[in-house]
Each structure stands twice: as structure tokens, then as C-alpha cells.
$ cat protein.txt   # compact mmCIF, C-alpha atoms and all ligand atoms
# COMPACT_ATOMS: atom_id res chain seq x y z
CA MET A 16 81.12 92.60 130.17
CA SER A 17 81.78 88.89 130.00
CA GLY A 18 83.62 87.23 132.85
CA ALA A 19 86.70 86.53 130.71
CA PRO A 20 89.88 87.46 132.55
CA THR A 21 91.61 90.54 131.26
CA ARG A 22 95.27 90.27 130.50
CA SER A 23 97.70 93.06 130.87
CA VAL A 24 100.54 93.02 128.38
CA SER A 25 102.93 94.58 130.88
CA ALA A 26 101.81 92.41 133.80
CA ASN A 27 103.05 89.25 132.13
CA PRO A 28 105.78 90.23 129.70
CA GLY A 29 107.05 86.67 129.29
CA ARG A 30 103.81 85.53 127.72
CA CYS A 31 102.75 88.62 125.88
CA ARG A 32 102.11 88.26 122.16
CA ARG A 33 103.25 90.91 119.73
CA VAL A 34 100.34 93.06 118.62
CA ALA A 35 100.57 94.05 114.98
CA GLY A 36 102.03 97.54 114.65
CA VAL A 37 103.34 97.60 118.23
CA PRO A 38 107.01 96.65 118.41
CA PRO A 39 108.57 95.41 121.67
CA ASP A 40 109.79 98.90 122.58
CA GLY A 41 106.15 99.95 122.90
CA ARG A 42 106.32 102.74 120.29
CA ARG A 43 103.53 102.77 117.75
CA TYR A 44 104.34 102.99 114.06
CA ALA A 45 101.80 103.91 111.41
CA PRO A 46 100.97 100.85 109.31
CA PRO A 47 102.38 101.11 105.75
CA VAL A 48 100.02 103.09 103.54
CA ALA A 49 98.93 101.29 100.39
CA LYS A 50 99.95 103.06 97.20
CA HIS A 51 97.23 104.25 94.85
CA VAL A 52 98.14 103.75 91.24
CA GLY A 53 96.40 104.55 87.97
CA ILE A 54 97.05 102.60 84.78
CA LEU A 55 96.08 103.24 81.17
CA THR A 56 96.73 101.98 77.65
CA SER A 57 97.20 104.60 74.94
CA GLY A 58 97.85 104.75 71.18
CA GLY A 59 97.17 101.93 68.71
CA ASP A 60 96.42 98.62 70.41
CA CYS A 61 98.58 95.50 70.04
CA PRO A 62 98.67 91.92 71.30
CA GLY A 63 100.04 91.72 74.85
CA LEU A 64 98.35 94.77 76.37
CA ASN A 65 96.08 92.67 78.57
CA ALA A 66 99.00 90.49 79.62
CA ALA A 67 100.86 93.64 80.70
CA ILE A 68 97.84 95.03 82.60
CA ARG A 69 97.46 91.64 84.29
CA GLY A 70 101.17 91.39 85.12
CA PHE A 71 101.23 94.88 86.60
CA GLY A 72 97.89 94.53 88.40
CA LYS A 73 98.51 91.15 89.98
CA ALA A 74 101.95 92.12 91.28
CA ALA A 75 100.75 95.55 92.43
CA ILE A 76 97.66 94.26 94.23
CA GLN A 77 98.65 90.83 95.49
CA ARG A 78 102.34 91.34 96.13
CA PHE A 79 102.53 95.00 97.12
CA GLY A 80 99.00 95.66 98.42
CA MET A 81 98.38 98.63 96.10
CA ASP A 82 95.03 99.99 94.97
CA VAL A 83 94.90 100.03 91.19
CA LEU A 84 92.57 102.17 89.12
CA GLY A 85 92.28 101.45 85.39
CA PHE A 86 91.54 104.56 83.32
CA LEU A 87 89.43 103.98 80.23
CA ASP A 88 90.32 104.84 76.63
CA GLY A 89 93.81 106.18 77.22
CA PHE A 90 94.42 109.73 78.47
CA ARG A 91 90.83 110.63 77.62
CA GLY A 92 89.73 108.53 80.61
CA VAL A 93 91.97 110.52 82.96
CA VAL A 94 90.73 113.85 81.57
CA ARG A 95 87.10 112.76 82.01
CA ASP A 96 87.80 110.81 85.20
CA ARG A 97 86.40 107.58 83.82
CA SER A 98 87.95 104.57 85.51
CA VAL A 99 87.36 101.12 86.91
CA LYS A 100 88.90 99.73 90.09
CA LEU A 101 91.04 96.78 89.06
CA GLU A 102 90.32 93.80 91.30
CA THR A 103 92.20 90.56 90.79
CA THR A 104 88.99 88.97 89.49
CA LEU A 105 89.03 91.42 86.58
CA LEU A 106 92.62 90.44 85.84
CA SER A 107 91.94 86.73 85.60
CA GLY A 108 91.49 85.08 82.21
CA ILE A 109 92.85 88.00 80.16
CA LEU A 110 96.44 86.81 79.61
CA THR A 111 95.67 85.37 76.20
CA ASP A 112 93.19 88.01 75.02
CA GLY A 113 94.06 90.48 72.26
CA GLY A 114 93.12 94.17 72.55
CA THR A 115 92.91 95.94 75.90
CA ILE A 116 90.26 95.61 78.61
CA LEU A 117 90.79 99.31 79.36
CA GLY A 118 90.21 100.55 75.82
CA THR A 119 92.60 102.96 74.14
CA SER A 120 92.70 106.14 72.07
CA ARG A 121 95.26 108.35 70.39
CA ASP A 122 94.19 111.41 72.43
CA LYS A 123 96.96 113.59 73.84
CA PRO A 124 96.28 115.46 77.11
CA HIS A 125 97.73 118.70 75.73
CA LYS A 126 95.81 118.56 72.43
CA MET A 127 92.48 116.95 73.14
CA PRO A 128 89.38 117.29 70.97
CA VAL A 129 86.67 118.65 73.29
CA GLY A 130 83.32 119.96 72.04
CA GLY A 131 84.59 120.66 68.52
CA LYS A 132 87.77 122.37 69.74
CA VAL A 133 91.26 121.11 70.47
CA LEU A 134 92.17 122.05 74.04
CA ASP A 135 95.06 121.61 76.46
CA MET A 136 93.54 119.35 79.13
CA THR A 137 96.70 118.78 81.16
CA GLU A 138 95.16 120.50 84.20
CA ALA A 139 92.21 118.08 84.09
CA VAL A 140 94.67 115.15 84.21
CA VAL A 141 96.46 116.71 87.20
CA GLU A 142 93.09 117.23 88.91
CA THR A 143 91.98 113.60 88.42
CA TYR A 144 95.36 112.40 89.66
CA GLY A 145 94.99 114.52 92.81
CA LYS A 146 91.34 113.62 93.35
CA HIS A 147 92.21 109.89 93.51
CA ARG A 148 95.34 110.62 95.61
CA LEU A 149 97.42 108.70 93.09
CA ASP A 150 101.06 108.00 93.83
CA CYS A 151 101.79 107.13 90.22
CA LEU A 152 100.22 106.84 86.76
CA VAL A 153 101.41 103.87 84.70
CA CYS A 154 101.15 104.56 80.96
CA ILE A 155 101.42 101.69 78.48
CA GLY A 156 102.09 102.86 74.95
CA GLY A 157 104.34 103.53 72.01
CA GLY A 158 106.37 106.59 71.01
CA GLY A 159 103.48 109.08 71.24
CA THR A 160 102.52 107.84 74.68
CA GLN A 161 106.09 108.22 75.92
CA LYS A 162 106.01 111.89 74.84
CA ASN A 163 102.66 112.50 76.54
CA ALA A 164 103.89 110.74 79.67
CA LEU A 165 106.97 112.97 79.85
CA ARG A 166 104.77 116.07 79.59
CA LEU A 167 102.68 114.80 82.51
CA GLN A 168 105.78 114.10 84.54
CA LYS A 169 106.86 117.69 83.90
CA ALA A 170 103.39 118.78 85.08
CA GLY A 171 104.19 117.15 88.44
CA LEU A 172 102.84 113.59 88.14
CA ASN A 173 104.80 110.47 89.02
CA ILE A 174 104.99 108.35 85.89
CA VAL A 175 106.17 104.87 84.92
CA THR A 176 105.74 103.68 81.33
CA LEU A 177 105.90 100.40 79.40
CA PRO A 178 106.86 100.13 75.70
CA LYS A 179 104.34 98.51 73.37
CA THR A 180 103.82 98.65 69.61
CA ILE A 181 103.88 96.29 66.67
CA ASP A 182 106.27 98.79 65.03
CA ASN A 183 109.09 98.04 67.54
CA ASP A 184 110.30 101.63 67.14
CA VAL A 185 110.40 102.88 70.75
CA ALA A 186 113.83 104.29 71.62
CA ARG A 187 116.08 102.84 74.35
CA THR A 188 114.48 99.38 74.43
CA ASP A 189 115.68 96.35 72.49
CA ILE A 190 112.10 95.34 71.77
CA THR A 191 108.49 96.34 72.37
CA PHE A 192 105.71 93.87 73.11
CA GLY A 193 103.24 93.28 70.28
CA PHE A 194 106.02 93.15 67.70
CA ASP A 195 106.66 89.42 67.88
CA THR A 196 102.99 88.51 67.41
CA ALA A 197 102.59 90.91 64.49
CA MET A 198 105.76 89.52 62.90
CA GLN A 199 104.32 86.02 63.21
CA ILE A 200 101.04 87.09 61.58
CA GLY A 201 102.95 88.85 58.80
CA THR A 202 105.15 85.82 58.23
CA GLU A 203 102.18 83.47 58.02
CA ALA A 204 100.49 85.82 55.53
CA ILE A 205 103.62 85.83 53.34
CA ASP A 206 103.75 82.01 53.53
CA ARG A 207 100.17 81.80 52.31
CA LEU A 208 100.73 84.37 49.57
CA HIS A 209 103.63 82.29 48.28
CA SER A 210 101.41 79.41 47.24
CA THR A 211 98.89 81.52 45.37
CA ALA A 212 101.64 83.65 43.77
CA THR A 213 103.31 80.44 42.53
CA SER A 214 100.08 78.98 41.10
CA HIS A 215 99.39 82.10 39.03
CA ASN A 216 102.95 83.19 38.24
CA ARG A 217 102.15 86.55 39.78
CA VAL A 218 103.88 89.34 41.60
CA ILE A 219 102.18 89.76 44.95
CA VAL A 220 102.81 92.97 46.80
CA VAL A 221 102.00 92.71 50.48
CA GLU A 222 101.76 95.83 52.61
CA LEU A 223 102.50 95.67 56.33
CA MET A 224 102.06 98.40 58.93
CA GLY A 225 104.93 100.71 59.83
CA HIS A 226 104.82 104.38 58.82
CA ARG A 227 108.28 105.42 59.91
CA ALA A 228 109.98 102.15 60.94
CA GLY A 229 110.46 99.02 58.86
CA TRP A 230 111.15 96.46 61.60
CA LEU A 231 107.93 94.57 61.06
CA THR A 232 108.23 94.34 57.27
CA LEU A 233 111.90 93.48 57.51
CA GLY A 234 111.36 90.78 60.15
CA ALA A 235 108.31 89.18 58.54
CA GLY A 236 109.80 89.60 55.06
CA LEU A 237 113.01 87.88 56.07
CA ALA A 238 111.23 85.10 57.97
CA GLY A 239 108.73 84.59 55.13
CA GLY A 240 111.37 84.68 52.40
CA ALA A 241 110.05 87.76 50.58
CA ASP A 242 111.98 88.43 47.39
CA VAL A 243 111.87 92.20 47.77
CA ILE A 244 111.61 94.13 51.04
CA LEU A 245 110.86 97.86 50.98
CA ILE A 246 111.12 99.84 54.22
CA PRO A 247 111.02 103.56 55.04
CA GLU A 248 114.68 103.62 56.10
CA ILE A 249 115.95 102.45 52.68
CA PRO A 250 114.52 104.52 49.79
CA TYR A 251 114.01 102.48 46.63
CA ASP A 252 113.97 102.89 42.86
CA VAL A 253 110.99 101.17 41.28
CA GLU A 254 113.17 100.24 38.29
CA ARG A 255 115.54 98.35 40.59
CA VAL A 256 112.60 96.46 42.09
CA ALA A 257 111.36 95.58 38.60
CA GLU A 258 114.86 94.43 37.65
CA ALA A 259 114.99 92.10 40.67
CA ILE A 260 111.63 90.59 39.67
CA ALA A 261 112.71 90.22 36.03
CA ALA A 262 115.94 88.52 37.12
CA ARG A 263 113.91 85.98 39.08
CA SER A 264 111.75 85.29 36.02
CA GLN A 265 114.83 84.77 33.88
CA ALA A 266 116.09 82.31 36.49
CA GLY A 267 112.84 80.35 36.11
CA LYS A 268 111.01 81.72 39.14
CA HIS A 269 107.89 83.24 37.67
CA PHE A 270 106.45 84.63 40.85
CA SER A 271 107.69 87.20 43.35
CA ILE A 272 106.67 88.41 46.78
CA VAL A 273 107.28 92.08 47.50
CA ALA A 274 106.89 93.00 51.20
CA VAL A 275 106.32 96.75 51.60
CA ALA A 276 106.06 98.82 54.78
CA GLU A 277 103.21 101.34 54.56
CA GLY A 278 105.76 104.15 54.94
CA ALA A 279 108.25 102.88 52.34
CA MET A 280 109.28 105.59 49.90
CA SER A 281 110.87 105.90 46.52
CA ARG A 282 114.03 107.97 46.39
CA ALA A 283 112.11 110.96 44.97
CA GLN A 284 109.47 110.76 47.69
CA HIS A 285 112.16 110.42 50.33
CA ASP A 286 113.93 113.55 49.05
CA GLU A 287 110.65 115.47 49.09
CA VAL A 288 109.92 114.48 52.69
CA GLN A 289 113.47 115.27 53.74
CA LYS A 290 113.18 118.76 52.23
CA LEU A 291 109.94 119.42 54.14
CA ALA A 292 111.33 118.00 57.38
CA ASP A 293 114.48 120.15 57.06
CA GLY A 294 112.31 123.20 56.34
CA LYS A 295 110.29 122.51 59.48
CA GLU A 296 113.42 121.99 61.56
CA ASN A 297 115.05 125.20 60.37
CA ALA A 298 111.92 127.37 60.21
CA SER A 299 112.61 130.90 61.39
CA ASN A 300 109.16 131.43 62.92
CA LYS A 301 106.01 129.61 64.05
CA GLU A 302 104.06 130.37 60.87
CA GLU A 303 106.74 128.92 58.65
CA ARG A 304 107.04 125.87 60.87
CA ARG A 305 103.28 125.32 60.76
CA ALA A 306 103.28 125.61 56.95
CA PHE A 307 105.98 122.93 56.61
CA SER A 308 104.20 120.78 59.15
CA SER A 309 100.94 120.87 57.23
CA GLN A 310 102.73 120.10 53.94
CA LEU A 311 104.30 117.09 55.66
CA ASP A 312 100.89 115.96 56.91
CA GLY A 313 99.58 116.37 53.36
CA PHE A 314 102.40 114.22 52.00
CA HIS A 315 101.69 111.42 54.47
CA ALA A 316 97.93 111.60 53.81
CA ASP A 317 98.55 111.26 50.06
CA HIS A 318 101.01 108.45 50.65
CA THR A 319 98.28 106.03 51.78
CA ASP A 320 97.69 104.65 48.27
CA HIS A 321 101.40 104.44 47.52
CA THR A 322 101.49 100.63 47.61
CA LEU A 323 98.66 100.40 45.09
CA GLN A 324 100.55 102.73 42.75
CA LEU A 325 103.70 100.68 43.23
CA THR A 326 101.83 97.47 42.34
CA GLU A 327 100.54 99.07 39.13
CA GLN A 328 103.99 100.37 38.26
CA LEU A 329 105.51 96.91 38.76
CA GLU A 330 102.89 95.30 36.54
CA ALA A 331 103.64 97.86 33.83
CA LEU A 332 107.41 97.51 34.15
CA THR A 333 107.63 93.71 34.41
CA GLY A 334 104.67 92.72 32.27
CA GLN A 335 103.76 90.24 35.02
CA GLU A 336 100.29 90.15 36.53
CA SER A 337 100.50 91.87 39.93
CA ARG A 338 98.19 91.91 42.94
CA LEU A 339 98.15 93.82 46.20
CA THR A 340 97.29 92.54 49.69
CA ILE A 341 97.13 95.02 52.58
CA LEU A 342 97.43 93.29 55.96
CA GLY A 343 96.56 96.42 57.96
CA HIS A 344 94.93 95.90 61.35
CA LEU A 345 95.01 92.10 61.03
CA LEU A 346 98.57 92.52 62.28
CA ARG A 347 97.35 94.05 65.55
CA GLY A 348 94.56 91.65 66.37
CA GLY A 349 94.18 88.40 68.24
CA THR A 350 96.01 86.41 70.83
CA PRO A 351 99.62 87.34 71.73
CA SER A 352 102.47 84.93 71.00
CA SER A 353 104.11 83.18 73.94
CA PHE A 354 107.10 85.52 73.52
CA ASP A 355 104.86 88.59 73.85
CA ARG A 356 102.95 87.13 76.81
CA LEU A 357 106.23 86.55 78.57
CA LEU A 358 107.60 89.98 77.70
CA SER A 359 104.38 91.80 78.70
CA THR A 360 104.25 89.93 81.99
CA ARG A 361 107.89 90.70 82.75
CA LEU A 362 107.47 94.39 81.86
CA GLY A 363 104.21 94.65 83.82
CA THR A 364 105.61 93.07 86.97
CA ALA A 365 108.83 95.10 86.68
CA ALA A 366 106.71 98.28 86.47
CA ALA A 367 104.98 97.28 89.72
CA GLN A 368 108.40 96.91 91.35
CA LEU A 369 109.43 100.35 90.07
CA VAL A 370 106.29 101.91 91.54
CA GLU A 371 106.81 100.06 94.82
CA SER A 372 110.37 101.36 95.11
CA GLY A 373 109.33 104.87 94.07
CA GLN A 374 111.41 104.97 90.88
CA TYR A 375 109.39 107.37 88.77
CA GLY A 376 109.90 109.21 85.51
CA VAL A 377 111.15 106.07 83.80
CA MET A 378 110.21 103.52 81.15
CA ALA A 379 110.70 99.83 81.94
CA SER A 380 112.89 98.87 78.99
CA VAL A 381 114.36 95.62 77.68
CA GLN A 382 118.14 95.51 77.50
CA ARG A 383 119.52 92.13 76.59
CA ASP A 384 117.80 89.83 79.06
CA ALA A 385 117.20 92.43 81.74
CA ILE A 386 114.38 94.89 82.39
CA VAL A 387 116.01 98.23 83.08
CA PRO A 388 114.49 101.62 84.02
CA VAL A 389 115.39 104.34 81.49
CA PRO A 390 114.64 108.05 82.08
CA LEU A 391 111.69 109.22 79.99
CA GLU A 392 113.76 112.14 78.68
CA GLN A 393 115.92 109.59 76.84
CA VAL A 394 112.90 107.94 75.22
CA ALA A 395 110.38 110.67 74.37
CA GLY A 396 110.64 112.25 70.93
CA ARG A 397 113.09 109.64 69.64
CA LYS A 398 112.50 106.72 67.32
CA LYS A 399 114.39 103.49 66.95
CA LEU A 400 114.69 103.03 63.20
CA VAL A 401 116.30 100.21 61.22
CA PRO A 402 120.01 101.02 60.67
CA ALA A 403 121.01 100.46 57.04
CA ASP A 404 123.72 98.03 58.21
CA HIS A 405 121.53 96.11 60.67
CA PRO A 406 122.33 92.35 60.73
CA TRP A 407 118.81 91.54 59.50
CA VAL A 408 119.37 93.76 56.44
CA GLU A 409 122.77 92.20 55.85
CA SER A 410 121.34 88.69 56.14
CA ALA A 411 118.48 89.50 53.76
CA ARG A 412 120.94 90.84 51.18
CA LEU A 413 123.05 87.70 51.56
CA VAL A 414 120.12 85.45 50.66
CA GLY A 415 119.47 87.57 47.59
CA THR A 416 116.62 89.78 48.81
CA SER A 417 116.38 93.09 47.01
CA PHE A 418 115.76 96.36 48.88
CA GLY A 419 115.25 98.17 45.59
CA ASP A 420 118.27 100.41 46.28
O1 LIG B 501 101.65 102.56 65.74
C1 LIG B 501 101.20 101.30 65.43
C2 LIG B 501 100.45 101.30 64.14
O2 LIG B 501 99.89 100.03 64.02
C3 LIG B 501 101.27 101.68 62.89
O3 LIG B 501 102.04 100.63 62.39
C4 LIG B 501 100.21 102.13 61.95
O4 LIG B 501 100.74 102.98 60.99
C5 LIG B 501 99.25 102.84 62.85
O5 LIG B 501 99.40 102.24 64.13
C6 LIG B 501 97.81 102.77 62.42
O6 LIG B 501 97.06 103.46 63.35
P1 LIG B 501 95.48 103.48 63.41
O7 LIG B 501 95.01 102.18 63.94
O8 LIG B 501 95.18 104.59 64.36
O9 LIG B 501 95.00 103.72 62.02

$ encode --input "protein.txt" --output "C-alpha cells"
Amino acid sequence: MSGAPTRSVSANPGRCRRVAGVPPDGRRYAPPVAKHVGILTSGGDCPGLNAAIRGFGKAAIQRFGMDVLGFLDGFRGVVRDRSVKLETTLLSGILTDGGTILGTSRDKPHKMPVGGKVLDMTEAVVETYGKHRLDCLVCIGGGGTQKNALRLQKAGLNIVTLPKTIDNDVARTDITFGFDTAMQIGTEAIDRLHSTATSHNRVIVVELMGHRAGWLTLGAGLAGGADVILIPEIPYDVERVAEAIAARSQAGKHFSIVAVAEGAMSRAQHDEVQKLADGKENASNKEERRAFSSQLDGFHADHTDHTLQLTEQLEALTGQESRLTILGHLLRGGTPSSFDRLLSTRLGTAAAQLVESGQYGVMASVQRDAIVPVPLEQVAGRKKLVPADHPWVESARLVGTSFGD
């Protein structure tokens, strides 16, 4: 022992210093236990995912002292227990990066391809969650992810989700991150197509992503001044589209830009899909339901070359040389816009606050200028589609854009 004098806390109360964890009344309280949180990105990627991971991670670790585990490749990483501990060093320098440092997949826990079979792996997710003593799993994704997240919540996990997708079709949120950047890319593409369309007096059909929802095509089409906008929510007649192009020609404008969502449908196609969807909805047994479901899948699989067929039809109907440009995954790549960086950061940090306060079973949603928790039950299985009377549609019609209807 050294000769240093020992000091008794009680012998000299006037000079005693508070010892951490020991309040003046002498009772000992357990220090606060750090929360253990898992995070994953699931579904198609989009710009802003890294900004959201960073926003969540920095707030969770630095502000709230949580341990954060990043699961790799979406739900597959939880099933296989493949993860990386997120340190703040890993979160630095990723704000502006496209893609996701965690990787992503479209795998669903309850229908996962394993060894050539499709199995329900929900139990494996629950096991991984328990093994890491997680307090919550944060799931960043679009509509499919919200459905999977709700299933996991029902299986007993604490869940918080964030809405992302370039499609902007997640229910109960004004906007999803990724949409603004994709709209900017789409708009720039339409701007560039204008000059070449003008030089050659051509019709240029440009296809943008969006199977069920037309937000992206509508937004980029309106901002880029497309002459025709075709979206899944407004079925079109090809003859009406051709008429709009011919009218432009007669007015001395010998080029046209037709912006088409990948899921846009002619009236006949729309009726066919509606019939199949109604059949599925009203099926009297599982077999019947499955049959309608597979016919619907078949329809959507065949629909992939629909924009090419439309381009050929327009060339035949208008007699004007027509070309097709498919933007595809270009719309999902690269650095997020400042709007998306801001939104992802706000949603990520808000999710950390929700976890800290123990508000589970919710999606952090955007409502006007606020981030608001919305119960997952109100989000999962719903889609936010473009209403036929949406102000963007109205505005487009007022500047003379045709919807082919
Ligand atoms: O859900 C976003 C989205 O980009 C859709 O617009 C598009 O239809 C789909 O993903 C494409 O998915 P994948 O990259 O899996 O082909």
C-alpha cells in the first residue's frame, strides 16, 4: 500500500465528491444499459441509403450510447447472422455515396430461397435477434420491406422502419428518400433527349422506373417538359398519344418527348390486369387464388417490352421516326441530391430518437415538415399511387401535356 491518506466519504461529508452512480442518499442505481440495435437496408437500392445509415448510426452511437450492428444484404443477413459492428469511423465519409454500405436484397424472411427451396426463415431472424440481445431492428426499405417488417413485429421483434424508394409510393408518408435524386436524373435525361429529338425531328420515348406508381415519370416528365406522360394510374389509348404527337407536328413542332413509366398500360391492358386482380381478390379457394396470381405474374413478366412495342406503334401511327431510351437503373445510382441527404439524415436521426424512447412498431414518416411515427399496420400492404386529380397532373394538363386518355 502506498502511504497516501485514505479518505472516508462519510467522515468528511462537506468535501465529499459525488461518485458516479452513487446519489447523495447513498443508494446505488444500476448505470443505464446501452441499447443494442440492428439495422439493415432491404429491397432495391436508392440514393440516400448511406446518408440514412449514417444519420441513424451517429445519433444512436454518439448521442444515445447505443451499440449498432449492421446486417448485410437485407433480411438475408439476419437469417444467416452476417453483420458488422457499426463504429463511427465506418459512418464517416459515406453521406454523399450512392448505394448502401450494408448491401441489400429483395429476400423476404418468410419466403427465402435456401438450398434450392423457398423456406419460411422467420424463426432464424428471431434467433439472431435474441442471440445479439437486440432491443430493436431498424429496417430501411420500400413497400415490400414495410410488409416484412410488420411480420417480424408480429413475430415478437421491436421494429422501427424508414421509407426509401425512387418510386415514392410508400403509404402514409408525403415522400420517400431517393425519389428527389431519381427525379433529377430523369429530368436531366429528358433535357438531353430534347436536343437530339429536335435535331432529327423524332419522337423519343423515354422509359422511367415505376411498375405500379407513376410519381417519378410524372415529376420528371413535368419538370423536363415531356409532351406526353404515361403512368400506370392513367390508362392510355395509343391512338390518343399519336393524335397528340400529330397535333404538335401540325403546329410546327416536329419532335416529341414521350415519358413512360415502366408499368404504364393501355386501356385494354389495364382492363385485363383489373380482371385478374379482381379474380385473385374474390377467389373462393387457395388454388384459384394461386392461379390468378400466377397469371398476374405472367402479365407483368410479358409487360417488360411494352415500351418498345409502344414506340413501334407510335412510329407506325404517326409516320415519324421514333426511338426508345430506357433509363432503368441509372435512376437509382450515384450521389444523392441535397434534398435527399437532408431527408435521409432527418429520418435516420428521428429513427434513433424513436428507438431511444422505445417507440416501436412504427415507420418514421414525413408529414408536411415534421417527422412523425406511423404504426406499421397503416403502412404495410398499401401503396401511395398518383390520384387522377393530383395537382401535378392538373398542372401538366394545363401546359398541354397529354396523358393519352
Ligand atoms: O422499387 C424500386 C424499383 O426501382 C422500381 O421502380 C423498379 O421497378 C424496380 O425497383 C426494379 O427492381 P430491380 O432492381 O430488382 O430489377

$ closest_residue --input "protein.txt" --among "A:Gly114, A:Gly58, A:Gly239, A:Pro402" --to "ligand LIG 501 (chain B)" --atoms "all atoms listed in the file"
A:Gly58

$ residues_near_ligand --input "protein.txt" --ligand "ligand LIG 501 (chain B)" --cutoff "12 Å" --atoms "all atoms listed in the file" --output "MDAnalysis selection string"
chainID A and resid 57:62 114 119:122 156:160 178:185 191:194 197:198 222:232 247 276:279 315:316 318:319 342:348 398

$ residues_around --input "protein.txt" --residues "Thr340 in chain A" --least-positions-apart "3" --cutoff "10 Å" --atoms "only C-alpha atoms" --output "mmCIF file with C-alpha atoms, in the coordinates of the input"
data_model
loop_
_atom_site.group_PDB
_atom_site.id
_atom_site.type_symbol
_atom_site.label_atom_id
_atom_site.label_comp_id
_atom_site.auth_asym_id
_atom_site.auth_seq_id
_atom_site.Cartn_x
_atom_site.Cartn_y
_atom_site.Cartn_z
ATOM 1 C CA ALA A 204 100.490 85.820 55.530
ATOM 2 C CA ILE A 205 103.620 85.830 53.340
ATOM 3 C CA LEU A 208 100.730 84.370 49.570
ATOM 4 C CA ILE A 219 102.180 89.760 44.950
ATOM 5 C CA VAL A 220 102.810 92.970 46.800
ATOM 6 C CA VAL A 221 102.000 92.710 50.480
ATOM 7 C CA GLU A 222 101.760 95.830 52.610
ATOM 8 C CA LEU A 223 102.500 95.670 56.330
ATOM 9 C CA ALA A 274 106.890 93.000 51.200
ATOM 10 C CA THR A 322 101.490 100.630 47.610
ATOM 11 C CA LEU A 323 98.660 100.400 45.090
ATOM 12 C CA THR A 326 101.830 97.470 42.340
ATOM 13 C CA GLY A 343 96.560 96.420 57.960
#

$ atom_distance --input "protein.txt" --atom1 "CA of Thr350 in chain A" --atom2 "CA of Asp384 in chain A"
23.5 Å

$ atom_distance --input "protein.txt" --atom1 "CA of Val256 in chain A" --atom2 "CA of Arg282 in chain A"
12.4 Å

$ atom_distance --input "protein.txt" --atom1 "CA of Thr176 in chain A" --atom2 "CA of Ala164 in chain A"
7.5 Å

$ closest_atom_pairs --input "protein.txt" --of "range 65-127 of chain A" --to "range 371-379 of chain A" --cutoff "12 Å" --atoms "all atoms listed in the file" --output "tab-separated table"
residue	atom	partner	partner_atom	distance
A:Ala67	CA	A:Ala379	CA	11.7
A:Phe71	CA	A:Glu371	CA	11.2
A:Ala74	CA	A:Glu371	CA	10.0
A:Ala75	CA	A:Glu371	CA	7.9
A:Ile76	CA	A:Glu371	CA	10.8
A:Arg78	CA	A:Glu371	CA	9.9
A:Phe79	CA	A:Glu371	CA	7.0
A:Gly80	CA	A:Glu371	CA	9.7
A:Met81	CA	A:Glu371	CA	8.6
A:Asp82	CA	A:Glu371	CA	11.8

$ closest_residue --input "protein.txt" --among "A:Glu254, A:Glu296, A:Asp312, A:Glu248" --to "Asp404 in chain A" --atoms "only C-alpha atoms"
A:Glu248

$ closest_residue --input "protein.txt" --among "A:Gly267, A:Gly363, A:Gly415, A:Gly72" --to "Ala241 in chain A" --atoms "only C-alpha atoms"
A:Gly415

$ closest_residue --input "protein.txt" --among "A:Ala385, A:His269, A:Phe418, A:Val83" --to "His215 in chain A" --atoms "all atoms listed in the file"
A:His269

$ closest_residue --input "protein.txt" --among "A:Leu87, A:Val153, A:Leu165, A:Leu237" --to "Pro406 in chain A" --atoms "all atoms listed in the file"
A:Leu237

$ residues_near_point --input "protein.txt" --point "(98.7, 88.3, 74.0)" --cutoff "10 Å" --atoms "all atoms listed in the file" --output "compact mmCIF listing (two decimals) with C-alpha atoms, keeping the file's coordinate frame"
# COMPACT_ATOMS: atom_id res chain seq x y z
CA CYS A 61 98.58 95.50 70.04
CA PRO A 62 98.67 91.92 71.30
CA GLY A 63 100.04 91.72 74.85
CA LEU A 64 98.35 94.77 76.37
CA ASN A 65 96.08 92.67 78.57
CA ALA A 66 99.00 90.49 79.62
CA ALA A 67 100.86 93.64 80.70
CA ILE A 109 92.85 88.00 80.16
CA LEU A 110 96.44 86.81 79.61
CA THR A 111 95.67 85.37 76.20
CA ASP A 112 93.19 88.01 75.02
CA GLY A 113 94.06 90.48 72.26
CA GLY A 114 93.12 94.17 72.55
CA THR A 115 92.91 95.94 75.90
CA PHE A 192 105.71 93.87 73.11
CA GLY A 193 103.24 93.28 70.28
CA THR A 196 102.99 88.51 67.41
CA GLY A 348 94.56 91.65 66.37
CA GLY A 349 94.18 88.40 68.24
CA THR A 350 96.01 86.41 70.83
CA PRO A 351 99.62 87.34 71.73
CA SER A 352 102.47 84.93 71.00
CA SER A 353 104.11 83.18 73.94
CA PHE A 354 107.10 85.52 73.52
CA ASP A 355 104.86 88.59 73.85
CA ARG A 356 102.95 87.13 76.81
CA LEU A 357 106.23 86.55 78.57
CA LEU A 358 107.60 89.98 77.70
CA SER A 359 104.38 91.80 78.70
CA THR A 360 104.25 89.93 81.99

$ residues_near_point --input "protein.txt" --point "(105.0, 91.8, 38.7)" --cutoff "10 Å" --atoms "all atoms listed in the file" --output "list in words"
Asn216, Arg217, Val218, Ile219, Val220, Val256, Ala257, Ile260, Ala261, Ser264, His269, Phe270, Ser271, Ile272, Val273, Thr326, Glu327, Gln328, Leu329, Glu330, Ala331, Leu332, Thr333, Gly334, Gln335, Glu336, Ser337 and Arg338 of chain A

$ write_last_selection --input "protein.txt" --atoms "C-alpha atoms" --output "mmCIF file, in the coordinates of the input"
data_model
loop_
_atom_site.group_PDB
_atom_site.id
_atom_site.type_symbol
_atom_site.label_atom_id
_atom_site.label_comp_id
_atom_site.auth_asym_id
_atom_site.auth_seq_id
_atom_site.Cartn_x
_atom_site.Cartn_y
_atom_site.Cartn_z
ATOM 1 C CA ASN A 216 102.950 83.190 38.240
ATOM 2 C CA ARG A 217 102.150 86.550 39.780
ATOM 3 C CA VAL A 218 103.880 89.340 41.600
ATOM 4 C CA ILE A 219 102.180 89.760 44.950
ATOM 5 C CA VAL A 220 102.810 92.970 46.800
ATOM 6 C CA VAL A 256 112.600 96.460 42.090
ATOM 7 C CA ALA A 257 111.360 95.580 38.600
ATOM 8 C CA ILE A 260 111.630 90.590 39.670
ATOM 9 C CA ALA A 261 112.710 90.220 36.030
ATOM 10 C CA SER A 264 111.750 85.290 36.020
ATOM 11 C CA HIS A 269 107.890 83.240 37.670
ATOM 12 C CA PHE A 270 106.450 84.630 40.850
ATOM 13 C CA SER A 271 107.690 87.200 43.350
ATOM 14 C CA ILE A 272 106.670 88.410 46.780
ATOM 15 C CA VAL A 273 107.280 92.080 47.500
ATOM 16 C CA THR A 326 101.830 97.470 42.340
ATOM 17 C CA GLU A 327 100.540 99.070 39.130
ATOM 18 C CA GLN A 328 103.990 100.370 38.260
ATOM 19 C CA LEU A 329 105.510 96.910 38.760
ATOM 20 C CA GLU A 330 102.890 95.300 36.540
ATOM 21 C CA ALA A 331 103.640 97.860 33.830
ATOM 22 C CA LEU A 332 107.410 97.510 34.150
ATOM 23 C CA THR A 333 107.630 93.710 34.410
ATOM 24 C CA GLY A 334 104.670 92.720 32.270
ATOM 25 C CA GLN A 335 103.760 90.240 35.020
ATOM 26 C CA GLU A 336 100.290 90.150 36.530
ATOM 27 C CA SER A 337 100.500 91.870 39.930
ATOM 28 C CA ARG A 338 98.190 91.910 42.940
#
